[in-house]
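With TSV, C-alpha atoms inside, this is target.tsv:
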```
chain	number	residue	atom	x	y	z
A	74	MET	CA	-7.30	-74.35	-34.25
A	75	PRO	CA	-9.84	-71.87	-35.80
A	76	LEU	CA	-12.99	-71.40	-33.78
A	77	MET	CA	-15.34	-72.55	-36.57
A	78	SER	CA	-13.61	-75.96	-36.75
A	79	ILE	CA	-14.32	-76.70	-33.09
A	80	PRO	CA	-17.48	-78.78	-32.57
A	81	ASN	CA	-20.43	-76.77	-31.25
A	82	LEU	CA	-20.69	-79.01	-28.20
A	83	VAL	CA	-17.14	-78.09	-27.18
A	84	ILE	CA	-18.02	-74.40	-27.33
A	85	ILE	CA	-21.14	-74.99	-25.23
A	86	ILE	CA	-19.21	-76.95	-22.59
A	87	ILE	CA	-16.44	-74.35	-22.41
A	88	ALA	CA	-19.02	-71.56	-22.10
A	89	ILE	CA	-20.81	-73.35	-19.24
A	90	ALA	CA	-17.47	-74.13	-17.59
A	91	LEU	CA	-16.51	-70.46	-17.70
A	92	LEU	CA	-19.93	-69.57	-16.29
A	93	PHE	CA	-19.19	-71.95	-13.41
A	94	GLU	CA	-15.80	-70.26	-12.94
A	95	PHE	CA	-17.50	-66.86	-12.78
A	96	ILE	CA	-20.06	-68.14	-10.26
A	97	ASN	CA	-17.25	-69.80	-8.30
A	98	GLY	CA	-15.50	-66.44	-7.98
A	99	PHE	CA	-18.79	-64.73	-7.14
A	100	HIS	CA	-19.75	-67.42	-4.62
A	101	ASP	CA	-16.34	-67.61	-2.93
A	102	THR	CA	-15.49	-63.90	-2.72
A	103	ALA	CA	-16.50	-63.99	0.93
A	104	ASN	CA	-13.83	-66.55	1.72
A	105	ALA	CA	-11.07	-64.11	0.85
A	106	VAL	CA	-12.49	-60.82	2.13
A	107	ALA	CA	-14.85	-61.61	5.01
A	108	THR	CA	-12.28	-61.31	7.81
A	109	SER	CA	-10.73	-58.05	6.58
A	110	ILE	CA	-14.22	-56.54	6.30
A	111	SER	CA	-15.23	-57.91	9.71
A	112	THR	CA	-12.21	-56.29	11.41
A	113	LYS	CA	-12.71	-53.05	9.42
A	114	SER	CA	-9.20	-53.33	7.99
A	115	LEU	CA	-10.70	-52.79	4.54
A	116	GLU	CA	-13.93	-51.40	3.16
A	117	PRO	CA	-15.95	-54.01	1.20
A	118	PHE	CA	-15.17	-52.47	-2.20
A	119	GLN	CA	-11.44	-52.17	-1.42
A	120	ALA	CA	-11.32	-55.79	-0.24
A	121	ILE	CA	-13.12	-57.07	-3.33
A	122	ILE	CA	-10.80	-55.14	-5.70
A	123	ILE	CA	-7.70	-56.56	-3.97
A	124	SER	CA	-9.23	-60.03	-3.97
A	125	ALA	CA	-10.08	-59.91	-7.70
A	126	ILE	CA	-6.56	-58.81	-8.68
A	127	PHE	CA	-4.80	-61.48	-6.64
A	128	ASN	CA	-7.32	-64.16	-7.65
A	129	LEU	CA	-6.27	-63.44	-11.23
A	130	ILE	CA	-2.56	-63.69	-10.40
A	131	GLY	CA	-3.06	-66.87	-8.36
A	132	ALA	CA	-5.02	-68.54	-11.15
A	133	LEU	CA	-2.05	-68.08	-13.47
A	134	SER	CA	0.41	-69.71	-11.05
A	135	GLY	CA	0.10	-73.45	-11.79
A	136	THR	CA	-1.94	-76.43	-13.01
A	137	ALA	CA	-1.32	-79.28	-10.53
A	138	VAL	CA	-4.92	-79.21	-9.24
A	139	ALA	CA	-6.26	-79.06	-12.82
A	140	VAL	CA	-4.40	-82.27	-13.69
A	141	THR	CA	-5.86	-83.97	-10.59
A	142	ILE	CA	-9.39	-83.02	-11.67
A	143	ALA	CA	-8.73	-84.14	-15.25
A	144	LYS	CA	-7.28	-87.58	-14.56
A	145	GLY	CA	-6.86	-88.11	-10.82
A	146	PHE	CA	-10.30	-89.57	-10.02
A	147	ALA	CA	-11.07	-91.59	-13.16
A	148	ALA	CA	-9.70	-92.39	-16.60
A	149	PRO	CA	-9.98	-89.25	-18.78
A	150	ASP	CA	-11.86	-91.10	-21.56
A	151	LEU	CA	-14.77	-91.76	-19.13
A	152	ALA	CA	-15.46	-88.03	-18.90
A	153	THR	CA	-17.70	-87.79	-21.96
A	154	PRO	CA	-19.30	-84.46	-22.94
A	155	ILE	CA	-22.58	-85.46	-21.28
A	156	VAL	CA	-20.74	-86.43	-18.09
A	157	ILE	CA	-18.90	-83.10	-18.02
A	158	LEU	CA	-22.05	-81.08	-18.73
A	159	SER	CA	-23.94	-82.91	-15.98
A	160	ALA	CA	-21.16	-82.21	-13.49
A	161	LEU	CA	-21.01	-78.52	-14.38
A	162	LEU	CA	-24.78	-78.01	-14.25
A	163	SER	CA	-25.06	-79.78	-10.88
A	164	ALA	CA	-22.26	-77.64	-9.41
A	165	ILE	CA	-23.81	-74.43	-10.76
A	166	THR	CA	-27.21	-75.42	-9.36
A	167	TRP	CA	-25.77	-76.14	-5.90
A	168	ASN	CA	-23.77	-72.90	-5.88
A	169	ILE	CA	-26.85	-70.85	-6.73
A	170	VAL	CA	-29.01	-72.59	-4.10
A	171	THR	CA	-26.41	-72.12	-1.34
A	172	TRP	CA	-25.80	-68.51	-2.42
A	173	ILE	CA	-29.54	-67.76	-2.13
A	174	PHE	CA	-29.54	-69.06	1.44
A	175	GLY	CA	-26.18	-67.47	2.28
A	176	ILE	CA	-24.55	-70.83	3.12
A	177	PRO	CA	-20.75	-70.98	2.58
A	178	SER	CA	-20.62	-74.33	0.78
A	179	SER	CA	-17.74	-75.61	-1.33
A	180	SER	CA	-17.73	-74.90	-5.07
A	181	SER	CA	-14.82	-77.34	-5.39
A	182	HIS	CA	-16.70	-80.21	-3.79
A	183	ALA	CA	-19.82	-79.35	-5.77
A	184	LEU	CA	-17.89	-79.82	-9.02
A	185	ILE	CA	-16.04	-82.92	-7.80
A	186	GLY	CA	-19.26	-84.48	-6.47
A	187	GLY	CA	-21.00	-83.80	-9.77
A	188	LEU	CA	-18.12	-85.20	-11.81
A	189	ILE	CA	-17.72	-88.38	-9.74
A	190	GLY	CA	-21.48	-88.93	-9.62
A	191	SER	CA	-21.98	-88.53	-13.36
A	192	ILE	CA	-19.02	-90.83	-14.16
A	193	ILE	CA	-20.44	-93.54	-11.87
A	194	TYR	CA	-23.98	-93.21	-13.25
A	195	ASN	CA	-22.76	-93.19	-16.85
A	196	ASN	CA	-20.47	-96.22	-16.35
A	197	ASN	CA	-20.45	-98.24	-13.12
A	198	ILE	CA	-19.52	-97.99	-9.45
A	199	HIS	CA	-16.01	-99.31	-10.13
A	200	SER	CA	-15.16	-96.62	-12.69
A	201	VAL	CA	-13.68	-94.11	-10.23
A	202	ASN	CA	-10.51	-94.21	-8.14
A	203	TYR	CA	-11.79	-94.32	-4.56
A	204	VAL	CA	-8.28	-94.25	-3.06
A	205	ALA	CA	-7.57	-90.95	-4.83
A	206	ILE	CA	-10.96	-89.59	-3.76
A	207	MET	CA	-10.22	-90.52	-0.15
A	208	HIS	CA	-6.69	-89.07	-0.15
A	209	LYS	CA	-7.35	-85.91	-2.16
A	210	VAL	CA	-10.96	-85.05	-1.25
A	211	ILE	CA	-12.41	-86.78	1.83
A	212	ILE	CA	-9.39	-86.63	4.16
A	213	PRO	CA	-8.53	-83.01	3.22
A	214	MET	CA	-12.23	-82.11	3.68
A	215	ILE	CA	-11.94	-83.23	7.33
A	216	VAL	CA	-8.36	-82.18	8.02
A	217	SER	CA	-8.24	-78.72	6.40
A	218	PRO	CA	-10.82	-77.02	8.68
A	219	LEU	CA	-9.26	-78.72	11.72
A	220	LEU	CA	-5.78	-77.58	10.73
A	221	GLY	CA	-7.14	-74.13	9.97
A	222	PHE	CA	-8.76	-74.03	13.42
A	223	ILE	CA	-5.54	-75.07	15.21
A	224	VAL	CA	-3.10	-72.92	13.22
A	225	ALA	CA	-5.28	-69.80	13.24
A	226	GLY	CA	-6.03	-70.22	16.95
A	227	THR	CA	-2.32	-70.58	17.76
A	228	ILE	CA	-1.33	-67.52	15.73
A	229	ALA	CA	-4.16	-65.45	17.19
A	230	LEU	CA	-3.32	-66.46	20.77
A	231	SER	CA	0.31	-65.46	20.22
A	232	LEU	CA	-0.69	-62.09	18.76
A	233	ASN	CA	-3.20	-61.45	21.55
A	234	LYS	CA	-0.54	-62.20	24.18
A	235	PHE	CA	1.84	-59.82	22.44
A	236	LEU	CA	-0.81	-57.09	22.28
A	237	HIS	CA	-1.69	-57.61	25.96
A	238	ASN	CA	1.94	-56.97	26.98
A	239	ASN	CA	2.39	-54.13	24.50
A	240	LYS	CA	2.46	-50.57	25.82
A	241	GLU	CA	0.81	-49.17	22.70
A	242	PRO	CA	-1.89	-51.73	21.78
A	243	ARG	CA	-3.90	-49.30	19.65
A	244	LYS	CA	-0.90	-48.44	17.48
A	245	THR	CA	-0.02	-52.12	17.14
A	246	ASN	CA	-3.63	-52.98	16.27
A	247	ASN	CA	-3.55	-50.41	13.47
A	248	LEU	CA	-0.31	-51.97	12.22
A	249	ILE	CA	-1.95	-55.41	12.20
A	250	ARG	CA	-4.82	-53.94	10.15
A	251	GLU	CA	-2.24	-52.88	7.57
A	252	PHE	CA	-0.71	-56.37	7.64
A	253	GLN	CA	-4.18	-57.75	7.05
A	254	VAL	CA	-4.21	-56.11	3.63
A	255	VAL	CA	-1.22	-58.35	2.80
A	256	SER	CA	-2.89	-61.44	4.27
A	257	THR	CA	-6.07	-60.72	2.27
A	258	ALA	CA	-3.97	-60.54	-0.90
A	259	PHE	CA	-2.19	-63.81	0.00
A	260	LEU	CA	-5.50	-65.58	0.69
A	261	SER	CA	-6.94	-64.32	-2.61
A	262	PHE	CA	-3.83	-65.51	-4.46
A	263	SER	CA	-4.10	-68.97	-2.84
A	264	HIS	CA	-7.82	-69.11	-3.59
A	265	GLY	CA	-7.18	-68.37	-7.26
A	266	ALA	CA	-4.30	-70.86	-7.36
A	267	ASN	CA	-6.51	-73.67	-6.03
A	268	ASP	CA	-10.08	-72.96	-7.12
A	269	ALA	CA	-9.57	-71.64	-10.66
A	270	GLN	CA	-7.78	-74.83	-11.62
A	271	LYS	CA	-10.85	-77.03	-11.19
A	272	THR	CA	-12.47	-75.47	-14.25
A	273	MET	CA	-9.17	-75.65	-16.13
A	274	GLY	CA	-9.24	-79.41	-15.55
A	275	ILE	CA	-12.82	-79.68	-16.84
A	276	ILE	CA	-12.05	-77.74	-20.03
A	277	THR	CA	-8.87	-79.77	-20.56
A	278	LEU	CA	-10.90	-82.99	-20.27
A	279	THR	CA	-13.29	-81.69	-22.92
A	280	LEU	CA	-10.50	-80.76	-25.32
A	281	PHE	CA	-8.87	-84.16	-24.75
A	282	HIS	CA	-12.11	-86.04	-25.43
A	283	PHE	CA	-12.52	-84.27	-28.78
A	284	ASN	CA	-8.85	-84.90	-29.68
A	285	LEU	CA	-8.12	-81.16	-29.70
A	286	ILE	CA	-5.14	-81.81	-27.42
A	287	SER	CA	-3.00	-84.95	-27.36
A	288	ASP	CA	-2.47	-85.28	-23.59
A	289	ILE	CA	-3.74	-83.95	-20.25
A	290	ALA	CA	-1.84	-80.66	-20.22
A	291	VAL	CA	-3.70	-77.39	-19.67
A	292	PRO	CA	-3.35	-75.01	-22.67
A	293	LYS	CA	-2.22	-71.47	-21.84
A	294	TRP	CA	-5.37	-69.92	-23.31
A	295	VAL	CA	-7.49	-72.06	-20.96
A	296	ILE	CA	-5.46	-70.86	-17.96
A	297	LEU	CA	-5.92	-67.24	-19.02
A	298	LEU	CA	-9.67	-67.54	-19.70
A	299	CYS	CA	-10.31	-69.25	-16.35
A	300	ALA	CA	-8.22	-66.67	-14.50
A	301	ILE	CA	-10.17	-63.80	-16.05
A	302	CYS	CA	-13.56	-65.42	-15.31
A	303	MET	CA	-12.58	-66.19	-11.71
A	304	ALA	CA	-11.40	-62.60	-11.14
A	305	SER	CA	-14.53	-61.18	-12.80
A	306	GLY	CA	-16.77	-63.27	-10.55
A	307	THR	CA	-14.80	-62.19	-7.51
A	308	PHE	CA	-15.20	-58.55	-8.51
A	309	ALA	CA	-18.97	-59.06	-8.76
A	310	GLY	CA	-18.88	-60.12	-5.11
A	311	GLY	CA	-21.09	-62.24	-2.89
A	312	ILE	CA	-22.52	-59.97	-0.20
A	313	ARG	CA	-24.87	-62.60	1.28
A	314	ILE	CA	-22.07	-65.03	2.10
A	315	ILE	CA	-19.72	-62.21	3.16
A	316	LYS	CA	-22.27	-61.35	5.84
A	317	THR	CA	-22.37	-64.95	7.10
A	318	LEU	CA	-18.61	-65.34	7.36
A	319	SER	CA	-17.76	-61.81	8.50
A	320	THR	CA	-20.38	-61.35	11.21
A	321	ARG	CA	-22.35	-64.51	11.96
A	322	VAL	CA	-19.67	-67.18	12.51
A	323	ALA	CA	-17.52	-65.28	15.02
A	324	LYS	CA	-16.66	-61.68	15.86
A	325	LEU	CA	-13.01	-61.07	15.05
A	326	LYS	CA	-10.38	-58.58	16.12
A	327	PRO	CA	-7.69	-57.45	13.65
A	328	SER	CA	-5.20	-59.90	15.19
A	329	SER	CA	-7.58	-62.87	14.87
A	330	GLY	CA	-8.63	-61.80	11.37
A	331	PHE	CA	-5.00	-61.69	10.28
A	332	ALA	CA	-4.41	-65.12	11.87
A	333	ALA	CA	-7.43	-66.62	10.08
A	334	GLU	CA	-6.29	-65.33	6.68
A	335	ILE	CA	-2.65	-66.40	7.03
A	336	SER	CA	-3.71	-69.86	8.23
A	337	SER	CA	-6.22	-70.56	5.45
A	338	ALA	CA	-4.04	-68.98	2.73
A	339	THR	CA	-1.09	-71.20	3.69
A	340	LEU	CA	-3.24	-74.35	3.63
A	341	LEU	CA	-4.64	-73.50	0.19
A	342	PHE	CA	-1.23	-72.60	-1.20
A	343	ILE	CA	0.25	-75.92	-0.06
A	344	GLY	CA	-2.79	-77.77	-1.45
A	345	ALA	CA	-2.38	-76.08	-4.85
A	346	LYS	CA	1.28	-77.09	-5.03
A	347	LEU	CA	0.45	-80.71	-4.06
A	348	GLY	CA	-2.40	-80.96	-6.57
A	349	MET	CA	-5.07	-81.25	-3.85
A	350	PRO	CA	-8.39	-79.58	-4.77
A	351	LEU	CA	-8.97	-78.16	-1.28
A	352	SER	CA	-12.14	-76.34	-0.37
A	353	THR	CA	-11.46	-72.66	0.27
A	354	THR	CA	-14.70	-72.49	2.25
A	355	HIS	CA	-13.62	-75.26	4.61
A	356	ALA	CA	-10.14	-73.85	5.19
A	357	VAL	CA	-11.38	-70.29	5.76
A	358	SER	CA	-14.34	-71.26	7.96
A	359	GLY	CA	-12.17	-73.50	10.17
A	360	SER	CA	-9.59	-70.73	10.48
A	361	ILE	CA	-12.22	-68.13	11.40
A	362	MET	CA	-13.59	-70.43	14.11
A	363	GLY	CA	-10.10	-71.06	15.50
A	364	ALA	CA	-9.17	-67.39	15.44
A	365	GLY	CA	-12.52	-66.46	17.01
A	366	THR	CA	-12.05	-68.77	19.98
A	367	SER	CA	-8.64	-67.23	20.73
A	368	HIS	CA	-10.19	-64.20	22.41
A	369	SER	CA	-13.68	-65.42	23.31
A	370	LEU	CA	-16.11	-68.29	23.00
A	371	ASN	CA	-18.49	-66.08	21.01
A	372	ILE	CA	-19.02	-68.63	18.25
A	373	ASN	CA	-22.42	-69.01	16.61
A	374	THR	CA	-22.96	-72.76	16.88
A	375	ASN	CA	-26.20	-72.70	14.87
A	376	VAL	CA	-24.48	-71.13	11.88
A	377	ILE	CA	-21.58	-73.57	12.19
A	378	LYS	CA	-23.98	-76.52	12.37
A	379	ASN	CA	-25.71	-75.42	9.15
A	380	MET	CA	-22.34	-74.96	7.44
A	381	VAL	CA	-21.11	-78.41	8.43
A	382	ILE	CA	-24.35	-80.00	7.24
A	383	ALA	CA	-23.88	-78.25	3.87
A	384	TRP	CA	-20.26	-79.47	3.72
A	385	VAL	CA	-21.27	-83.09	4.35
A	386	LEU	CA	-24.17	-82.99	1.91
A	387	THR	CA	-22.39	-81.23	-0.98
A	388	LEU	CA	-20.64	-84.27	-2.50
A	389	PRO	CA	-23.62	-86.71	-2.42
A	390	ILE	CA	-26.25	-84.10	-3.34
A	391	CYS	CA	-24.25	-82.85	-6.31
A	392	GLY	CA	-23.75	-86.47	-7.35
A	393	ILE	CA	-27.53	-86.97	-7.30
A	394	ILE	CA	-28.19	-83.69	-9.13
A	395	SER	CA	-25.70	-84.71	-11.81
A	396	PHE	CA	-27.59	-88.01	-12.19
A	397	ILE	CA	-30.76	-86.05	-12.92
A	398	TYR	CA	-29.00	-83.81	-15.44
A	399	LEU	CA	-27.38	-86.87	-17.00
A	400	HIS	CA	-30.78	-88.41	-17.75
A	401	ILE	CA	-32.13	-85.12	-19.11
A	402	LEU	CA	-29.10	-84.66	-21.38
A	403	HIS	CA	-29.28	-88.26	-22.61
A	404	TRP	CA	-32.90	-87.61	-23.55
A	405	LEU	CA	-32.12	-84.28	-25.24
A	406	LEU	CA	-28.95	-85.34	-27.05
```

Here is a file; write its structure as structure tokens.
Amino acid sequence: MPLMSIPNLVIIIIAIALLFEFINGFHDTANAVATSISTKSLEPFQAIIISAIFNLIGALSGTAVAVTIAKGFAAPDLATPIVILSALLSAITWNIVTWIFGIPSSSSHALIGGLIGSIIYNNNIHSVNYVAIMHKVIIPMIVSPLLGFIVAGTIALSLNKFLHNNKEPRKTNNLIREFQVVSTAFLSFSHGANDAQKTMGIITLTLFHFNLISDIAVPKWVILLCAICMASGTFAGGIRIIKTLSTRVAKLKPSSGFAAEISSATLLFIGAKLGMPLSTTHAVSGSIMGAGTSHSLNINTNVIKNMVIAWVLTLPICGIISFIYLHILHWLL
């Protein structure tokens, strides 16, 4: 359909959605590159380049999570333009606030919290599917960092035992650093495959509401635009949050860094295939903690406490912020 025939409000929503995608990539860069930078397997610029490329590829790999966002939590017709705008603005606001303070919060949960909150406020408390929210958001929010902790810890312990019995540990460590380039690419791919799809779902909802598409199926041009915006944001980088995850949560060796990346990448990849909008931040942070405890107990509990508080507060706070934006938009429009 020619651009001029598309309502102006659709263009505004798509533009803000793509801005959120860019900020998502910017905000979550640390999730994919923090461990490889921490272990000195990659220089920051090298890690960010690799992450941006594989974020792009991952974002092109499927749409199961996008469909969950578009119709998994509520009937698609309840997501009016004002509801969608409120959700996007609340998620962007929360991402910027947590970026300023260097807190690795979840962009995914910020968007989901904003969307659920604005749908409830614009309709009623019974308008959302709480079973789906429990199964695809709340339970994974609790389980993914725990699984990441266990899997990463197990892999790291096995590698550490192997290195301890190895006659050439330095040579093997250097080899693991090379493997970590692969694990960084895999984590970036999985991040793109899961996170980029949330915005695809939002744009698809908008197109559906304006009858520009007949069903909830993500158009190819939406997939491509979101992939490019996610990769561009990743390239821009998020140095503040990289510092938190790469140095303040736990000090990692190459073996534990590799374990953390493989663990979190696998969780995100499985989540993307199952249509679960997992939080990259939760999976990566849990994996870093698990990998860090494999060789020491040098875990910064204060940083972890602040992160967990941010995780718990993200959904309700973004719901409240979306309520505020909803009232402002109703007044303006």

>> Between CA of Leu129 (chain A) and CA of Gln253 (chain A), what is the distance in Å, rounded to a tenth?
In response: 19.3 Å

> CA of Ile361 (chain A) and CA of Phe222 (chain A), how far apart in Å?
Replying inline: 7.1 Å

>> Need the shell around Ile301 (chain A): protein/DNA/RNA residues with any atom at most 9 Å away, counting all atoms listed in the file. Skip same-chain ones fewer than 3 positions apart. Format as a ChimeraX atom specification?
In response: /A:95,128-129,132,296-298,304-306

>> Please report the interatomic distance between CA of Pro327 (chain A) and CA of Leu232 (chain A) in Å with one decimal.
In response: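 Value for the CA of Pro327 (chain A)-CA of Leu232 (chain A) distance: 9.8 Å.
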
>> Measuring between only C-alpha atoms, which one of A:Pro154, A:Thr339, A:Glu334, A:Ile189 shows the shortest distance to Pro80 (chain A)?
In response: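 Looking only at the distances to Pro80 (chain A), the closest residue turns out to be A:Pro154.
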
> Could you list as a list of chain:residue names every residue that has an atom within 7 Å of (-9.5, -58.2, 5.0), using the file's coordinates and counting all atoms listed in the file?
Replying inline: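 Those residues, ordered by chain and then number, are A:Val106, A:Ala107, A:Thr108, A:Ser109, A:Ile110, A:Ser114, A:Leu115, A:Ala120, A:Gln253, A:Val254, A:Thr257.
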
> Got a sec: who's within 9 Å of Ile87 (chain A), counting all atoms listed in the file, leaving out chain neighbours fewer than 6 positions off, as a ChimeraX atom specification?
Replying inline: /A:275-276,279

Write out as a PDB file with C-alpha atoms, keeping the file's coordinate frame the residues lying within 9 Å of Ile130 (chain A), counting all atoms listed in the file and excluding same-chain residues fewer than 6 positions away.
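As a result, part25.pdb now contains:
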```
ATOM      1  CA  SER A 261      -6.940 -64.320  -2.610  1.00  0.00           C
ATOM      2  CA  PHE A 262      -3.830 -65.510  -4.460  1.00  0.00           C
ATOM      3  CA  GLY A 265      -7.180 -68.370  -7.260  1.00  0.00           C
ATOM      4  CA  ALA A 266      -4.300 -70.860  -7.360  1.00  0.00           C
ATOM      5  CA  ALA A 300      -8.220 -66.670 -14.500  1.00  0.00           C
ATOM      6  CA  ALA A 304     -11.400 -62.600 -11.140  1.00  0.00           C
TER       7      ALA A 304
END
```

> Pick the closest to Ile249 (chain A) from A:Asn197, A:Ser360, A:Ser328, A:Ser231: which is it, counting all atoms listed in the file?
Replying inline: A:Ser328

> Which of these residues is nearest to Lys378 (chain A), using all atoms listed in the file: A:Ala332, A:Ile176, A:Leu133, A:Tyr398?
Replying inline: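 Nearest to Lys378 (chain A): A:Ile176.
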
> Between A:Thr227, A:Asn168, A:Thr277, A:Asn81, which has the minimum distance to Ala143 (chain A) (counting all atoms listed in the file)?
Replying inline: A:Thr277

> Which residue out of A:Leu347, A:Val210, A:Ala333, A:Ile228 has the minimum interatomic distance to Val140 (chain A) when all atoms listed in the file are used?
Replying inline: A:Leu347

Edge lengths and centre in Å to one decimal, as AutoDock Vina command-line options, is what I'm after for the box along x, y and z that holds all listed atoms of region 352-369 of chain A once 8 Å is added on each side.
```
--center_x -11.7 --center_y -70.3 --center_z 11.5 --size_x 22.1 --size_y 28.1 --size_z 39.7
```

>> Under the rule that all atoms listed in the file are counted, which of A:Leu158, A:Val216, A:Ile335, A:Met303 is the nearest residue to Asp268 (chain A)?
In response: A:Met303

> Contacts of Ala139 (chain A) at 7 Å or less, counting all atoms listed in the file, minus same-chain residues fewer than 5 places along, as a PyMOL selection string?
Replying inline: chain A and resi 270-271+273-274

>> With all atoms listed in the file as the counted atoms, please give the residues lying no more than 12 Å from Pro149 (chain A), apart from itself and same-chain residues fewer than 6 positions off, as a list in words.
In response: Val140, Thr141, Ile142, Ala143, Val156, Ile157, Leu188, Ile189, Ile192, Ser200, Val201, Asn202, Gly274, Ile275, Ile276, Thr277, Leu278, Thr279, Leu280, Phe281, His282, Phe283, Asn284, Ser287, Asp288, Ile289 and Ala290 of chain A
